[in-house]
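A short write-up of the structure that comes next.
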Amino acid sequence: PLHTNTTTLDDLLDREKVSRFDFLSIDVELHEPEVLRGFTVERFRPRLVCVESHREVRQQILDYFARHGYVTVGNYLRSDTDNLWFVPLGQRRLG
């Protein structure tokens with residue numbers, strides 16, 4: 001059997017000594033919910049997140065960010081129907 005080594009996003013960021021960053025993009029072909037299960041968004045608090053959102057996993061992605069205090073950025077939806085964009089609740093602007 002083929003075995004692959006995996007790591008969580010939290011572990012990867014810890015290993016690279018990243019404590020904070022502004023932008024996160026996740027595009028892993030239907031495995032986005034699995035990546036998010038290994039990521040503590042409150043700890044790193046990115047200011048903007050882009051997640052590919054196929055119909056099959058879209059609700060799980062929306063639920064994750066809603067539970068963790070992020071809201072969707074609607075102004076991207078007209079030009080980008082493949083991804084969902086999120087900012088922390090209460091963040092007024094990206095500038």
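The chains in the structure tokens are called A, B, ... from first to last as shown; in each chain the residues are counted from 1, and the ligands are counted from 1 in the order shown.
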Closest pair table for range 68-88 of chain A residues within 6 Å of range 50-61 of chain A, only C-alpha atoms, as JSON lines:
{"residue": "A:Asp82", "atom": "CA", "partner": "A:Glu52", "partner_atom": "CA", "distance": 5.9}
{"residue": "A:Asn83", "atom": "CA", "partner": "A:Glu52", "partner_atom": "CA", "distance": 4.2}
{"residue": "A:Leu84", "atom": "CA", "partner": "A:Val51", "partner_atom": "CA", "distance": 5.3}
{"residue": "A:Trp85", "atom": "CA", "partner": "A:Cys50", "partner_atom": "CA", "distance": 4.5}
Please produce a file of the residues just selected, as a PDB file, in the first residue's frame, where the atoms kept are all heavy atoms.
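This went into selection.pdb:
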ATOM      1  N   ASP A  82     -15.171  30.737  -8.848  1.00  0.00           N
ATOM      2  CA  ASP A  82     -14.547  29.485  -8.407  1.00  0.00           C
ATOM      3  C   ASP A  82     -14.099  29.511  -6.955  1.00  0.00           C
ATOM      4  O   ASP A  82     -13.889  28.459  -6.349  1.00  0.00           O
ATOM      5  CB  ASP A  82     -13.318  29.170  -9.265  1.00  0.00           C
ATOM      6  CG  ASP A  82     -13.677  28.891 -10.713  1.00  0.00           C
ATOM      7  OD1 ASP A  82     -14.787  28.386 -10.959  1.00  0.00           O
ATOM      8  OD2 ASP A  82     -12.850  29.197 -11.582  1.00  0.00           O
ATOM      9  N   ASN A  83     -13.927  30.700  -6.408  1.00  0.00           N
ATOM     10  CA  ASN A  83     -13.368  30.836  -5.067  1.00  0.00           C
ATOM     11  C   ASN A  83     -14.309  31.601  -4.151  1.00  0.00           C
ATOM     12  O   ASN A  83     -15.118  32.397  -4.603  1.00  0.00           O
ATOM     13  CB  ASN A  83     -12.034  31.593  -5.137  1.00  0.00           C
ATOM     14  CG  ASN A  83     -11.006  30.855  -5.956  1.00  0.00           C
ATOM     15  OD1 ASN A  83     -10.598  29.760  -5.608  1.00  0.00           O
ATOM     16  ND2 ASN A  83     -10.597  31.446  -7.069  1.00  0.00           N
ATOM     17  N   LEU A  84     -14.139  31.357  -2.863  1.00  0.00           N
ATOM     18  CA  LEU A  84     -14.777  32.179  -1.836  1.00  0.00           C
ATOM     19  C   LEU A  84     -13.680  32.999  -1.183  1.00  0.00           C
ATOM     20  O   LEU A  84     -12.563  32.517  -0.972  1.00  0.00           O
ATOM     21  CB  LEU A  84     -15.461  31.303  -0.778  1.00  0.00           C
ATOM     22  CG  LEU A  84     -16.698  30.547  -1.240  1.00  0.00           C
ATOM     23  CD1 LEU A  84     -17.137  29.561  -0.163  1.00  0.00           C
ATOM     24  CD2 LEU A  84     -17.828  31.509  -1.570  1.00  0.00           C
ATOM     25  N   TRP A  85     -14.003  34.234  -0.870  1.00  0.00           N
ATOM     26  CA  TRP A  85     -13.052  35.158  -0.238  1.00  0.00           C
ATOM     27  C   TRP A  85     -13.600  35.548   1.127  1.00  0.00           C
ATOM     28  O   TRP A  85     -14.793  35.831   1.264  1.00  0.00           O
ATOM     29  CB  TRP A  85     -12.883  36.393  -1.116  1.00  0.00           C
ATOM     30  CG  TRP A  85     -12.247  36.100  -2.439  1.00  0.00           C
ATOM     31  CD1 TRP A  85     -12.854  35.559  -3.539  1.00  0.00           C
ATOM     32  CD2 TRP A  85     -10.890  36.315  -2.787  1.00  0.00           C
ATOM     33  NE1 TRP A  85     -11.946  35.435  -4.553  1.00  0.00           N
ATOM     34  CE2 TRP A  85     -10.738  35.888  -4.126  1.00  0.00           C
ATOM     35  CE3 TRP A  85      -9.790  36.834  -2.112  1.00  0.00           C
ATOM     36  CZ2 TRP A  85      -9.526  35.967  -4.800  1.00  0.00           C
ATOM     37  CZ3 TRP A  85      -8.581  36.911  -2.780  1.00  0.00           C
ATOM     38  CH2 TRP A  85      -8.461  36.486  -4.103  1.00  0.00           C
TER      39      TRP A  85
END
List the neighbours of range 30-41 of chain A out to 6 Å using only C-alpha atoms; skip same-chain residues closer than 4 positions along the sequence, and give me the result as a ChimeraX atom specification. /A:8-10,45
Residues of range 9-66 of chain A that have any atom at most 9 Å from an atom of range 70-78 of chain A: could you tabulate them with the shortest-distance atom pair and the distance in Å to one decimal, using only C-alpha atoms, ordered by chain and increasing number, as a tab-separated table?
residue	atom	partner	partner_atom	distance
A:Leu62	CA	A:Thr72	CA	8.2
A:Tyr64	CA	A:Tyr70	CA	8.7
A:Phe65	CA	A:Tyr70	CA	5.0
A:Ala66	CA	A:Tyr70	CA	5.5
Could you please take those selected residues and save all heavy atoms as an mmCIF file, in the first residue's frame?
data_model
loop_
_atom_site.group_PDB
_atom_site.id
_atom_site.type_symbol
_atom_site.label_atom_id
_atom_site.label_comp_id
_atom_site.auth_asym_id
_atom_site.auth_seq_id
_atom_site.Cartn_x
_atom_site.Cartn_y
_atom_site.Cartn_z
ATOM 1 N N LEU A 62 -17.871 27.391 4.079
ATOM 2 C CA LEU A 62 -18.650 28.505 4.635
ATOM 3 C C LEU A 62 -18.865 28.322 6.134
ATOM 4 O O LEU A 62 -18.730 29.276 6.912
ATOM 5 C CB LEU A 62 -19.995 28.621 3.913
ATOM 6 C CG LEU A 62 -19.938 29.134 2.481
ATOM 7 C CD1 LEU A 62 -21.259 28.856 1.761
ATOM 8 C CD2 LEU A 62 -19.600 30.622 2.460
ATOM 9 N N TYR A 64 -17.025 26.597 8.293
ATOM 10 C CA TYR A 64 -15.757 26.765 9.012
ATOM 11 C C TYR A 64 -15.507 28.250 9.296
ATOM 12 O O TYR A 64 -15.235 28.640 10.435
ATOM 13 C CB TYR A 64 -14.592 26.178 8.208
ATOM 14 C CG TYR A 64 -13.242 26.482 8.822
ATOM 15 C CD1 TYR A 64 -12.688 25.637 9.768
ATOM 16 C CD2 TYR A 64 -12.528 27.630 8.477
ATOM 17 C CE1 TYR A 64 -11.454 25.913 10.349
ATOM 18 C CE2 TYR A 64 -11.299 27.914 9.052
ATOM 19 C CZ TYR A 64 -10.771 27.059 9.987
ATOM 20 O OH TYR A 64 -9.559 27.350 10.562
ATOM 21 N N PHE A 65 -15.577 29.066 8.270
ATOM 22 C CA PHE A 65 -15.261 30.480 8.461
ATOM 23 C C PHE A 65 -16.314 31.196 9.298
ATOM 24 O O PHE A 65 -15.970 32.070 10.098
ATOM 25 C CB PHE A 65 -14.997 31.160 7.119
ATOM 26 C CG PHE A 65 -13.646 30.794 6.573
ATOM 27 C CD1 PHE A 65 -13.507 29.838 5.583
ATOM 28 C CD2 PHE A 65 -12.497 31.368 7.093
ATOM 29 C CE1 PHE A 65 -12.252 29.477 5.107
ATOM 30 C CE2 PHE A 65 -11.235 31.015 6.632
ATOM 31 C CZ PHE A 65 -11.118 30.064 5.636
ATOM 32 N N ALA A 66 -17.565 30.823 9.171
ATOM 33 C CA ALA A 66 -18.607 31.421 10.013
ATOM 34 C C ALA A 66 -18.361 31.096 11.487
ATOM 35 O O ALA A 66 -18.481 31.962 12.352
ATOM 36 C CB ALA A 66 -19.983 30.922 9.578
#
Worksheet entry | Straight-line distance linking CA of His68 in chain A with CA of Phe86 in chain A, stated in Å to one decimal |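 If I compute the distance from CA of His68 in chain A to CA of Phe86 in chain A, I get 10.9 Å.
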### Message
Please return, as a list in words, all residues of chain A that DSSP assigns to strand (DSSP E) on the basis of the backbone.
### Response
Phe23, Leu24, Ser25, Ile26, Leu48, Val49, Cys50, Val51, Glu52, Tyr70, Val71, Thr72, Asn83, Leu84, Trp85, Phe86, Val87 and Pro88 of chain A
For the residues in that selection, give me C-alpha atoms as a PDB file, in the first residue's frame.
ATOM      1  CA  PHE A  23      -3.094  36.402   2.875  1.00  0.00           C
ATOM      2  CA  LEU A  24      -3.956  32.723   2.646  1.00  0.00           C
ATOM      3  CA  SER A  25      -4.970  30.891  -0.537  1.00  0.00           C
ATOM      4  CA  ILE A  26      -6.117  27.261  -0.490  1.00  0.00           C
ATOM      5  CA  LEU A  48      -7.754  37.963   3.523  1.00  0.00           C
ATOM      6  CA  VAL A  49      -8.421  34.310   2.661  1.00  0.00           C
ATOM      7  CA  CYS A  50      -9.190  32.826  -0.752  1.00  0.00           C
ATOM      8  CA  VAL A  51     -10.461  29.236  -0.872  1.00  0.00           C
ATOM      9  CA  GLU A  52     -11.404  27.283  -3.972  1.00  0.00           C
ATOM     10  CA  TYR A  70     -14.894  35.389   9.196  1.00  0.00           C
ATOM     11  CA  VAL A  71     -17.355  36.701   6.631  1.00  0.00           C
ATOM     12  CA  THR A  72     -17.453  36.416   2.866  1.00  0.00           C
ATOM     13  CA  ASN A  83     -13.368  30.836  -5.067  1.00  0.00           C
ATOM     14  CA  LEU A  84     -14.777  32.179  -1.836  1.00  0.00           C
ATOM     15  CA  TRP A  85     -13.052  35.158  -0.238  1.00  0.00           C
ATOM     16  CA  PHE A  86     -13.146  35.850   3.507  1.00  0.00           C
ATOM     17  CA  VAL A  87     -12.108  38.599   5.917  1.00  0.00           C
ATOM     18  CA  PRO A  88     -12.332  38.713   9.706  1.00  0.00           C
TER      19      PRO A  88
END
